[in-house]
file data18.txt (compact mmCIF, N, CA and C atoms)
# COMPACT_ATOMS: atom_id res chain seq x y z
N MET A 1 0.85 -1.18 0.00
CA MET A 1 0.00 0.00 0.00
C MET A 1 0.89 1.23 0.00
N SER A 2 0.48 2.24 -0.73
CA SER A 2 1.30 3.43 -0.87
C SER A 2 1.27 4.28 0.40
N LEU A 3 2.33 5.02 0.58
CA LEU A 3 2.44 5.94 1.70
C LEU A 3 1.32 6.98 1.65
N THR A 4 0.96 7.41 0.45
CA THR A 4 -0.11 8.40 0.29
C THR A 4 -1.43 7.84 0.79
N ARG A 5 -1.74 6.62 0.38
CA ARG A 5 -3.01 6.00 0.81
C ARG A 5 -3.00 5.75 2.32
N GLN A 6 -1.89 5.26 2.85
CA GLN A 6 -1.80 5.04 4.29
C GLN A 6 -1.96 6.36 5.04
N GLY A 7 -1.29 7.39 4.55
CA GLY A 7 -1.38 8.69 5.19
C GLY A 7 -2.79 9.24 5.18
N ARG A 8 -3.47 9.11 4.05
CA ARG A 8 -4.85 9.58 3.92
C ARG A 8 -5.77 8.83 4.89
N ASN A 9 -5.68 7.50 4.89
CA ASN A 9 -6.52 6.72 5.80
C ASN A 9 -6.22 7.03 7.26
N TYR A 10 -4.93 7.17 7.57
CA TYR A 10 -4.54 7.46 8.95
C TYR A 10 -5.12 8.81 9.38
N LEU A 11 -5.11 9.79 8.49
CA LEU A 11 -5.68 11.10 8.82
C LEU A 11 -7.19 11.03 9.01
N ILE A 12 -7.87 10.29 8.14
CA ILE A 12 -9.33 10.17 8.25
C ILE A 12 -9.70 9.46 9.55
N PHE A 13 -9.08 8.31 9.80
CA PHE A 13 -9.40 7.57 11.02
C PHE A 13 -8.90 8.30 12.25
N GLY A 14 -7.79 9.00 12.10
CA GLY A 14 -7.27 9.79 13.22
C GLY A 14 -8.21 10.92 13.59
N ALA A 15 -8.83 11.55 12.59
CA ALA A 15 -9.80 12.61 12.87
C ALA A 15 -10.99 12.06 13.64
N LEU A 16 -11.48 10.90 13.21
CA LEU A 16 -12.58 10.26 13.93
C LEU A 16 -12.18 9.95 15.37
N GLN A 17 -11.01 9.34 15.52
CA GLN A 17 -10.48 9.03 16.86
C GLN A 17 -10.38 10.29 17.70
N TYR A 18 -9.83 11.32 17.08
CA TYR A 18 -9.61 12.55 17.80
C TYR A 18 -10.92 13.16 18.30
N PHE A 19 -11.94 13.20 17.44
CA PHE A 19 -13.19 13.81 17.87
C PHE A 19 -13.85 13.01 18.99
N ILE A 20 -13.70 11.70 18.96
CA ILE A 20 -14.19 10.90 20.07
C ILE A 20 -13.39 11.23 21.32
N ASP A 21 -12.07 11.21 21.22
CA ASP A 21 -11.16 11.51 22.34
C ASP A 21 -11.45 12.89 22.91
N TRP A 22 -11.44 13.90 22.06
CA TRP A 22 -11.62 15.28 22.50
C TRP A 22 -13.00 15.49 23.11
N GLY A 23 -14.02 14.93 22.48
CA GLY A 23 -15.38 15.09 22.99
C GLY A 23 -15.56 14.50 24.39
N VAL A 24 -15.00 13.31 24.58
CA VAL A 24 -15.07 12.68 25.90
C VAL A 24 -14.30 13.51 26.92
N MET A 25 -13.08 13.96 26.57
CA MET A 25 -12.25 14.74 27.49
C MET A 25 -12.93 16.05 27.88
N VAL A 26 -13.43 16.78 26.89
CA VAL A 26 -14.08 18.06 27.17
C VAL A 26 -15.37 17.84 27.97
N GLY A 27 -16.16 16.86 27.56
CA GLY A 27 -17.41 16.60 28.26
C GLY A 27 -17.20 16.24 29.72
N LEU A 28 -16.27 15.32 29.97
CA LEU A 28 -16.04 14.90 31.35
C LEU A 28 -15.39 15.99 32.19
N SER A 29 -14.45 16.74 31.60
CA SER A 29 -13.82 17.82 32.37
C SER A 29 -14.82 18.95 32.63
N HIS A 30 -15.73 19.18 31.70
CA HIS A 30 -16.78 20.19 31.90
C HIS A 30 -17.71 19.78 33.06
N LEU A 31 -17.90 18.49 33.22
CA LEU A 31 -18.74 17.99 34.31
C LEU A 31 -18.01 17.96 35.65
N GLY A 32 -16.72 18.33 35.64
CA GLY A 32 -15.98 18.43 36.90
C GLY A 32 -14.91 17.37 37.11
N MET A 33 -14.76 16.43 36.20
CA MET A 33 -13.72 15.42 36.35
C MET A 33 -12.35 16.09 36.18
N PRO A 34 -11.36 15.71 36.97
CA PRO A 34 -10.01 16.27 36.77
C PRO A 34 -9.54 16.03 35.33
N VAL A 35 -8.83 17.01 34.78
CA VAL A 35 -8.44 16.97 33.37
C VAL A 35 -7.60 15.74 33.05
N GLU A 36 -6.77 15.28 33.98
CA GLU A 36 -5.95 14.10 33.72
C GLU A 36 -6.80 12.86 33.52
N ALA A 37 -7.79 12.66 34.38
CA ALA A 37 -8.68 11.50 34.27
C ALA A 37 -9.57 11.60 33.02
N ALA A 38 -10.04 12.80 32.74
CA ALA A 38 -10.87 13.01 31.55
C ALA A 38 -10.07 12.73 30.28
N ASN A 39 -8.80 13.16 30.27
CA ASN A 39 -7.93 12.90 29.12
C ASN A 39 -7.72 11.40 28.92
N LEU A 40 -7.50 10.69 30.01
CA LEU A 40 -7.30 9.24 29.93
C LEU A 40 -8.55 8.56 29.37
N ALA A 41 -9.71 8.94 29.86
CA ALA A 41 -10.97 8.35 29.37
C ALA A 41 -11.15 8.63 27.88
N GLY A 42 -10.84 9.85 27.47
CA GLY A 42 -10.97 10.20 26.06
C GLY A 42 -10.02 9.41 25.18
N ARG A 43 -8.77 9.28 25.63
CA ARG A 43 -7.78 8.55 24.84
C ARG A 43 -8.14 7.06 24.72
N ILE A 44 -8.66 6.47 25.77
CA ILE A 44 -9.09 5.07 25.70
C ILE A 44 -10.22 4.92 24.69
N SER A 45 -11.18 5.83 24.74
CA SER A 45 -12.32 5.77 23.82
C SER A 45 -11.87 5.83 22.36
N GLY A 46 -11.00 6.76 22.05
CA GLY A 46 -10.50 6.90 20.68
C GLY A 46 -9.60 5.77 20.26
N ALA A 47 -8.77 5.29 21.18
CA ALA A 47 -7.79 4.26 20.85
C ALA A 47 -8.43 2.94 20.44
N LEU A 48 -9.49 2.58 21.09
CA LEU A 48 -10.12 1.30 20.80
C LEU A 48 -10.59 1.22 19.35
N ILE A 49 -11.24 2.26 18.89
CA ILE A 49 -11.69 2.24 17.50
C ILE A 49 -10.51 2.43 16.54
N GLY A 50 -9.54 3.23 16.92
CA GLY A 50 -8.39 3.49 16.06
C GLY A 50 -7.54 2.26 15.79
N PHE A 51 -7.33 1.44 16.80
CA PHE A 51 -6.53 0.23 16.62
C PHE A 51 -7.14 -0.64 15.54
N TRP A 52 -8.42 -0.88 15.64
CA TRP A 52 -9.08 -1.76 14.69
C TRP A 52 -9.11 -1.14 13.28
N LEU A 53 -9.53 0.12 13.17
CA LEU A 53 -9.63 0.75 11.85
C LEU A 53 -8.28 0.81 11.14
N ASN A 54 -7.24 1.23 11.85
CA ASN A 54 -5.93 1.34 11.22
C ASN A 54 -5.34 -0.02 10.87
N GLY A 55 -5.55 -0.99 11.72
CA GLY A 55 -5.04 -2.33 11.43
C GLY A 55 -5.78 -3.00 10.29
N ARG A 56 -7.06 -2.78 10.23
CA ARG A 56 -7.89 -3.43 9.22
C ARG A 56 -7.81 -2.75 7.86
N PHE A 57 -7.65 -1.41 7.85
CA PHE A 57 -7.69 -0.68 6.60
C PHE A 57 -6.41 0.08 6.26
N THR A 58 -5.89 0.86 7.19
CA THR A 58 -4.75 1.74 6.89
C THR A 58 -3.48 0.96 6.60
N PHE A 59 -3.12 0.03 7.47
CA PHE A 59 -1.85 -0.66 7.35
C PHE A 59 -2.01 -2.11 6.90
N ALA A 60 -3.17 -2.47 6.39
CA ALA A 60 -3.44 -3.83 5.95
C ALA A 60 -2.57 -4.19 4.74
N SER A 61 -1.86 -5.31 4.85
CA SER A 61 -1.05 -5.83 3.75
C SER A 61 -0.70 -7.28 4.07
N GLU A 62 0.04 -7.91 3.18
CA GLU A 62 0.49 -9.29 3.44
C GLU A 62 1.48 -9.35 4.59
N ASP A 63 2.16 -8.24 4.86
CA ASP A 63 3.17 -8.19 5.93
C ASP A 63 2.60 -7.71 7.26
N SER A 64 1.29 -7.44 7.30
CA SER A 64 0.71 -6.91 8.53
C SER A 64 -0.39 -7.82 9.03
N ARG A 65 -0.80 -7.54 10.26
CA ARG A 65 -1.83 -8.35 10.89
C ARG A 65 -2.47 -7.55 12.02
N VAL A 66 -3.70 -7.90 12.38
CA VAL A 66 -4.35 -7.34 13.55
C VAL A 66 -4.59 -8.52 14.49
N GLY A 67 -3.67 -8.70 15.42
CA GLY A 67 -3.75 -9.82 16.34
C GLY A 67 -3.27 -9.44 17.72
N ARG A 68 -3.07 -10.45 18.54
CA ARG A 68 -2.66 -10.25 19.92
C ARG A 68 -1.30 -9.55 20.02
N ARG A 69 -0.36 -9.98 19.22
CA ARG A 69 0.99 -9.37 19.24
C ARG A 69 0.92 -7.89 18.84
N GLN A 70 0.17 -7.60 17.80
CA GLN A 70 0.03 -6.23 17.34
C GLN A 70 -0.70 -5.37 18.38
N PHE A 71 -1.68 -5.97 19.05
CA PHE A 71 -2.38 -5.23 20.09
C PHE A 71 -1.43 -4.91 21.25
N GLY A 72 -0.56 -5.85 21.60
CA GLY A 72 0.42 -5.60 22.65
C GLY A 72 1.35 -4.45 22.29
N ARG A 73 1.79 -4.43 21.04
CA ARG A 73 2.64 -3.32 20.58
C ARG A 73 1.87 -2.00 20.60
N PHE A 74 0.62 -2.07 20.15
CA PHE A 74 -0.22 -0.88 20.15
C PHE A 74 -0.38 -0.34 21.57
N VAL A 75 -0.60 -1.23 22.52
CA VAL A 75 -0.76 -0.81 23.91
C VAL A 75 0.51 -0.12 24.42
N MET A 76 1.69 -0.64 24.06
CA MET A 76 2.94 0.01 24.47
C MET A 76 3.04 1.41 23.87
N LEU A 77 2.73 1.55 22.58
CA LEU A 77 2.74 2.86 21.94
C LEU A 77 1.72 3.77 22.61
N TRP A 78 0.53 3.26 22.84
CA TRP A 78 -0.54 4.05 23.43
C TRP A 78 -0.17 4.52 24.83
N ILE A 79 0.42 3.67 25.63
CA ILE A 79 0.83 4.07 26.98
C ILE A 79 1.84 5.21 26.91
N GLY A 80 2.82 5.08 26.04
CA GLY A 80 3.83 6.14 25.91
C GLY A 80 3.23 7.46 25.47
N THR A 81 2.37 7.43 24.45
CA THR A 81 1.78 8.68 23.97
C THR A 81 0.77 9.24 24.97
N THR A 82 0.11 8.37 25.71
CA THR A 82 -0.84 8.83 26.72
C THR A 82 -0.12 9.52 27.87
N ILE A 83 1.01 8.99 28.26
CA ILE A 83 1.80 9.65 29.32
C ILE A 83 2.20 11.05 28.86
N VAL A 84 2.71 11.14 27.64
CA VAL A 84 3.12 12.45 27.12
C VAL A 84 1.91 13.38 26.99
N SER A 85 0.81 12.89 26.45
CA SER A 85 -0.40 13.70 26.28
C SER A 85 -0.93 14.20 27.62
N THR A 86 -1.02 13.31 28.59
CA THR A 86 -1.57 13.68 29.89
C THR A 86 -0.65 14.67 30.61
N TRP A 87 0.65 14.47 30.52
CA TRP A 87 1.59 15.43 31.10
C TRP A 87 1.41 16.80 30.43
N ALA A 88 1.29 16.81 29.11
CA ALA A 88 1.18 18.08 28.38
C ALA A 88 -0.12 18.82 28.72
N VAL A 89 -1.27 18.11 28.73
CA VAL A 89 -2.52 18.80 29.05
C VAL A 89 -2.54 19.25 30.50
N SER A 90 -1.96 18.46 31.36
CA SER A 90 -1.88 18.83 32.78
C SER A 90 -1.02 20.07 32.98
N THR A 91 0.08 20.16 32.25
CA THR A 91 0.97 21.32 32.34
C THR A 91 0.27 22.57 31.82
N VAL A 92 -0.41 22.45 30.68
CA VAL A 92 -1.14 23.60 30.14
C VAL A 92 -2.24 24.02 31.13
N ASP A 93 -2.94 23.06 31.69
CA ASP A 93 -4.00 23.37 32.65
C ASP A 93 -3.43 24.10 33.87
N ALA A 94 -2.31 23.66 34.37
CA ALA A 94 -1.71 24.28 35.56
C ALA A 94 -1.26 25.72 35.30
N TYR A 95 -0.76 25.98 34.11
CA TYR A 95 -0.22 27.31 33.81
C TYR A 95 -1.20 28.25 33.12
N ALA A 96 -2.17 27.70 32.37
CA ALA A 96 -3.01 28.58 31.57
C ALA A 96 -4.51 28.41 31.80
N GLY A 97 -4.93 27.33 32.44
CA GLY A 97 -6.35 27.14 32.72
C GLY A 97 -7.02 26.16 31.77
N LEU A 98 -8.25 25.81 32.12
CA LEU A 98 -8.98 24.76 31.43
C LEU A 98 -9.31 25.12 29.98
N GLN A 99 -9.74 26.34 29.70
CA GLN A 99 -10.09 26.68 28.32
C GLN A 99 -8.87 26.59 27.40
N TRP A 100 -7.70 27.01 27.86
CA TRP A 100 -6.48 26.88 27.06
C TRP A 100 -6.11 25.41 26.88
N THR A 101 -6.40 24.60 27.88
CA THR A 101 -6.13 23.16 27.78
C THR A 101 -6.97 22.56 26.67
N TRP A 102 -8.24 22.95 26.60
CA TRP A 102 -9.11 22.44 25.54
C TRP A 102 -8.58 22.83 24.16
N LEU A 103 -8.02 24.02 24.05
CA LEU A 103 -7.48 24.48 22.78
C LEU A 103 -6.12 23.84 22.46
N ALA A 104 -5.34 23.55 23.49
CA ALA A 104 -4.01 22.97 23.29
C ALA A 104 -4.07 21.49 22.93
N LYS A 105 -5.10 20.81 23.38
CA LYS A 105 -5.18 19.36 23.15
C LYS A 105 -5.07 18.99 21.68
N PRO A 106 -5.73 19.68 20.74
CA PRO A 106 -5.57 19.31 19.33
C PRO A 106 -4.12 19.39 18.84
N VAL A 107 -3.40 20.42 19.26
CA VAL A 107 -2.00 20.58 18.85
C VAL A 107 -1.16 19.43 19.41
N ILE A 108 -1.38 19.12 20.65
CA ILE A 108 -0.66 18.02 21.30
C ILE A 108 -0.92 16.70 20.56
N GLU A 109 -2.18 16.45 20.27
CA GLU A 109 -2.55 15.17 19.64
C GLU A 109 -2.07 15.06 18.20
N VAL A 110 -2.02 16.17 17.47
CA VAL A 110 -1.49 16.13 16.10
C VAL A 110 -0.01 15.75 16.12
N CYS A 111 0.73 16.33 17.04
CA CYS A 111 2.16 15.99 17.16
C CYS A 111 2.34 14.51 17.51
N LEU A 112 1.57 14.04 18.46
CA LEU A 112 1.66 12.63 18.84
C LEU A 112 1.16 11.72 17.73
N GLY A 113 0.20 12.18 16.94
CA GLY A 113 -0.30 11.40 15.81
C GLY A 113 0.76 11.15 14.76
N GLY A 114 1.61 12.13 14.51
CA GLY A 114 2.71 11.95 13.57
C GLY A 114 3.66 10.86 14.02
N VAL A 115 3.99 10.87 15.29
CA VAL A 115 4.85 9.83 15.85
C VAL A 115 4.15 8.48 15.76
N GLY A 116 2.86 8.47 16.10
CA GLY A 116 2.08 7.24 16.06
C GLY A 116 2.01 6.63 14.67
N PHE A 117 1.89 7.47 13.64
CA PHE A 117 1.86 6.96 12.27
C PHE A 117 3.14 6.21 11.94
N LEU A 118 4.26 6.82 12.21
CA LEU A 118 5.55 6.19 11.88
C LEU A 118 5.75 4.90 12.65
N VAL A 119 5.46 4.91 13.93
CA VAL A 119 5.64 3.71 14.75
C VAL A 119 4.66 2.62 14.32
N SER A 120 3.42 2.98 14.02
CA SER A 120 2.43 1.99 13.58
C SER A 120 2.82 1.38 12.24
N ARG A 121 3.24 2.21 11.33
CA ARG A 121 3.60 1.75 9.98
C ARG A 121 4.78 0.79 10.00
N HIS A 122 5.75 1.07 10.83
CA HIS A 122 6.99 0.29 10.80
C HIS A 122 7.10 -0.77 11.90
N TRP A 123 6.20 -0.76 12.88
CA TRP A 123 6.36 -1.71 13.98
C TRP A 123 5.05 -2.32 14.48
N VAL A 124 4.07 -1.51 14.82
CA VAL A 124 2.88 -2.00 15.51
C VAL A 124 2.18 -3.10 14.73
N TYR A 125 1.86 -2.88 13.46
CA TYR A 125 1.03 -3.82 12.69
C TYR A 125 1.83 -4.85 11.91
N ARG A 126 3.13 -4.87 12.03
CA ARG A 126 3.95 -5.87 11.34
C ARG A 126 3.73 -7.24 11.97
N ARG A 127 3.86 -8.27 11.14
CA ARG A 127 3.71 -9.65 11.63
C ARG A 127 4.78 -10.01 12.62

call {"tool": "encode", "arguments": {"input": "data18.txt", "output": "structure tokens"}}
result
Amino acid sequence: MSLTRQGRNYLIFGALQYFIDWGVMVGLSHLGMPVEAANLAGRISGALIGFWLNGRFTFASEDSRVGRRQFGRFVMLWIGTTIVSTWAVSTVDAYAGLQWTWLAKPVIEVCLGGVGFLVSRHWVYRR
């Protein structure tokens, strides 16, 4: 599969993931949940659908698979990016407040999405 097609699919599915993630985070934090816990809930919500969509469509090839091993790799990637994401939103919240945190989250997630694409393409979904 071409890099262009993978990139396009990753962006489309990433946007869907992101809106689920962001919506859950904003909704829960608006209801009073601490921003760190709300961010975690949002990332879990988006990640579950993203793993399947990207494995099944974005990175699908003869050299890839969506199985237990790939899920384990995905979980390692997800934990790393979640730690960075949660630290970043928490830092913005501490210094600038909740509304700035809501605005900063998209920038944070786009940066982490670029890293996630490269790691997924070359490691997560490989057999």

call {"tool": "atom_distance", "arguments": {"input": "data18.txt", "atom1": "atom C of A:Trp102", "atom2": "atom C of A:Val89"}}
result
9.5 Å

call {"tool": "closest_residue", "arguments": {"input": "data18.txt", "among": "A:Glu62, A:Lys105, A:Ile49, A:Ala88", "to": "A:Phe13", "atoms": "only N, CA and C atoms"}}
result
A:Ile49

call {"tool": "select_by_dssp", "arguments": {"input": "data18.txt", "residues": "stretch 56-111 of chain A", "states": "helix (DSSP H, G or I)", "output": "JSON, numbers by chain"}}
result
{"A": [56, 57, 58, 68, 69, 70, 71, 72, 73, 74, 75, 76, 77, 78, 79, 80, 81, 82, 83, 84, 85, 86, 87, 88, 89, 90, 91, 92, 93, 94, 95, 96, 98, 99, 100, 101, 102, 103, 104, 105, 106, 107, 108, 109, 110, 111]}

call {"tool": "residues_near_point", "arguments": {"input": "data18.txt", "point": "(-1.3, 2.9, 8.3)", "cutoff": "9 Å", "atoms": "only C-alpha atoms", "output": "list in words"}}
result
Met1, Leu3, Arg5, Gln6, Gly7, Arg8, Asn9, Tyr10, Asn54, Gly55, Phe57, Thr58, Phe59, Ala60, Phe117, Leu118, Ser120, Arg121 and Tyr125 of chain A

call {"tool": "closest_residue", "arguments": {"input": "data18.txt", "among": "A:Trp78, A:Phe19, A:Trp100, A:Trp87", "to": "A:Phe51", "atoms": "only C-alpha atoms"}}
result
A:Trp78

call {"tool": "decode", "arguments": {"input": "data18.txt", "residues": "stretch 59-83 of chain A", "atoms": "N, CA, C and O atoms", "output": "mmCIF file, in the first residue's frame"}}
result
data_model
loop_
_atom_site.group_PDB
_atom_site.id
_atom_site.type_symbol
_atom_site.label_atom_id
_atom_site.label_comp_id
_atom_site.auth_asym_id
_atom_site.auth_seq_id
_atom_site.Cartn_x
_atom_site.Cartn_y
_atom_site.Cartn_z
ATOM 1 N N PHE A 59 -3.123 0.035 7.472
ATOM 2 C CA PHE A 59 -1.850 -0.664 7.349
ATOM 3 C C PHE A 59 -2.014 -2.112 6.899
ATOM 4 O O PHE A 59 -1.085 -2.913 7.004
ATOM 5 N N ALA A 60 -3.172 -2.466 6.387
ATOM 6 C CA ALA A 60 -3.438 -3.835 5.948
ATOM 7 C C ALA A 60 -2.565 -4.188 4.738
ATOM 8 O O ALA A 60 -2.507 -3.461 3.763
ATOM 9 N N SER A 61 -1.860 -5.307 4.850
ATOM 10 C CA SER A 61 -1.054 -5.833 3.751
ATOM 11 C C SER A 61 -0.696 -7.278 4.074
ATOM 12 O O SER A 61 -1.063 -7.794 5.128
ATOM 13 N N GLU A 62 0.045 -7.913 3.179
ATOM 14 C CA GLU A 62 0.486 -9.286 3.437
ATOM 15 C C GLU A 62 1.477 -9.346 4.589
ATOM 16 O O GLU A 62 1.645 -10.381 5.212
ATOM 17 N N ASP A 63 2.161 -8.236 4.859
ATOM 18 C CA ASP A 63 3.165 -8.185 5.930
ATOM 19 C C ASP A 63 2.602 -7.706 7.257
ATOM 20 O O ASP A 63 3.348 -7.551 8.210
ATOM 21 N N SER A 64 1.293 -7.437 7.303
ATOM 22 C CA SER A 64 0.714 -6.907 8.533
ATOM 23 C C SER A 64 -0.392 -7.823 9.034
ATOM 24 O O SER A 64 -0.850 -8.721 8.328
ATOM 25 N N ARG A 65 -0.802 -7.542 10.256
ATOM 26 C CA ARG A 65 -1.831 -8.352 10.889
ATOM 27 C C ARG A 65 -2.468 -7.552 12.019
ATOM 28 O O ARG A 65 -1.849 -6.650 12.565
ATOM 29 N N VAL A 66 -3.703 -7.898 12.378
ATOM 30 C CA VAL A 66 -4.352 -7.340 13.552
ATOM 31 C C VAL A 66 -4.593 -8.516 14.492
ATOM 32 O O VAL A 66 -5.555 -9.257 14.344
ATOM 33 N N GLY A 67 -3.674 -8.698 15.415
ATOM 34 C CA GLY A 67 -3.752 -9.817 16.342
ATOM 35 C C GLY A 67 -3.269 -9.441 17.723
ATOM 36 O O GLY A 67 -3.056 -8.264 18.035
ATOM 37 N N ARG A 68 -3.070 -10.452 18.538
ATOM 38 C CA ARG A 68 -2.658 -10.246 19.922
ATOM 39 C C ARG A 68 -1.300 -9.551 20.018
ATOM 40 O O ARG A 68 -1.122 -8.635 20.815
ATOM 41 N N ARG A 69 -0.355 -9.977 19.216
ATOM 42 C CA ARG A 69 0.990 -9.372 19.240
ATOM 43 C C ARG A 69 0.922 -7.893 18.839
ATOM 44 O O ARG A 69 1.533 -7.037 19.462
ATOM 45 N N GLN A 70 0.167 -7.603 17.802
ATOM 46 C CA GLN A 70 0.027 -6.228 17.339
ATOM 47 C C GLN A 70 -0.696 -5.375 18.378
ATOM 48 O O GLN A 70 -0.346 -4.218 18.586
ATOM 49 N N PHE A 71 -1.680 -5.968 19.046
ATOM 50 C CA PHE A 71 -2.378 -5.226 20.092
ATOM 51 C C PHE A 71 -1.428 -4.913 21.247
ATOM 52 O O PHE A 71 -1.475 -3.819 21.808
ATOM 53 N N GLY A 72 -0.565 -5.851 21.601
ATOM 54 C CA GLY A 72 0.422 -5.599 22.652
ATOM 55 C C GLY A 72 1.354 -4.451 22.286
ATOM 56 O O GLY A 72 1.667 -3.584 23.111
ATOM 57 N N ARG A 73 1.793 -4.426 21.039
ATOM 58 C CA ARG A 73 2.643 -3.322 20.575
ATOM 59 C C ARG A 73 1.870 -2.004 20.602
ATOM 60 O O ARG A 73 2.408 -0.968 20.993
ATOM 61 N N PHE A 74 0.623 -2.070 20.146
ATOM 62 C CA PHE A 74 -0.217 -0.880 20.153
ATOM 63 C C PHE A 74 -0.378 -0.343 21.571
ATOM 64 O O PHE A 74 -0.302 0.866 21.800
ATOM 65 N N VAL A 75 -0.596 -1.230 22.520
ATOM 66 C CA VAL A 75 -0.755 -0.810 23.914
ATOM 67 C C VAL A 75 0.511 -0.117 24.415
ATOM 68 O O VAL A 75 0.434 0.919 25.094
ATOM 69 N N MET A 76 1.687 -0.641 24.058
ATOM 70 C CA MET A 76 2.939 0.014 24.472
ATOM 71 C C MET A 76 3.042 1.411 23.875
ATOM 72 O O MET A 76 3.417 2.367 24.567
ATOM 73 N N LEU A 77 2.734 1.547 22.583
ATOM 74 C CA LEU A 77 2.743 2.861 21.940
ATOM 75 C C LEU A 77 1.724 3.767 22.610
ATOM 76 O O LEU A 77 2.014 4.924 22.924
ATOM 77 N N TRP A 78 0.534 3.259 22.842
ATOM 78 C CA TRP A 78 -0.538 4.047 23.428
ATOM 79 C C TRP A 78 -0.171 4.525 24.832
ATOM 80 O O TRP A 78 -0.419 5.686 25.175
ATOM 81 N N ILE A 79 0.423 3.669 25.628
ATOM 82 C CA ILE A 79 0.833 4.071 26.983
ATOM 83 C C ILE A 79 1.844 5.211 26.909
ATOM 84 O O ILE A 79 1.726 6.203 27.635
ATOM 85 N N GLY A 80 2.825 5.077 26.042
ATOM 86 C CA GLY A 80 3.830 6.136 25.906
ATOM 87 C C GLY A 80 3.228 7.460 25.467
ATOM 88 O O GLY A 80 3.513 8.510 26.052
ATOM 89 N N THR A 81 2.370 7.427 24.453
ATOM 90 C CA THR A 81 1.775 8.676 23.973
ATOM 91 C C THR A 81 0.768 9.236 24.968
ATOM 92 O O THR A 81 0.621 10.451 25.086
ATOM 93 N N THR A 82 0.108 8.368 25.712
ATOM 94 C CA THR A 82 -0.842 8.829 26.721
ATOM 95 C C THR A 82 -0.123 9.518 27.871
ATOM 96 O O THR A 82 -0.597 10.534 28.388
ATOM 97 N N ILE A 83 1.014 8.988 28.263
ATOM 98 C CA ILE A 83 1.798 9.647 29.316
ATOM 99 C C ILE A 83 2.204 11.046 28.862
ATOM 100 O O ILE A 83 2.044 12.022 29.601
#
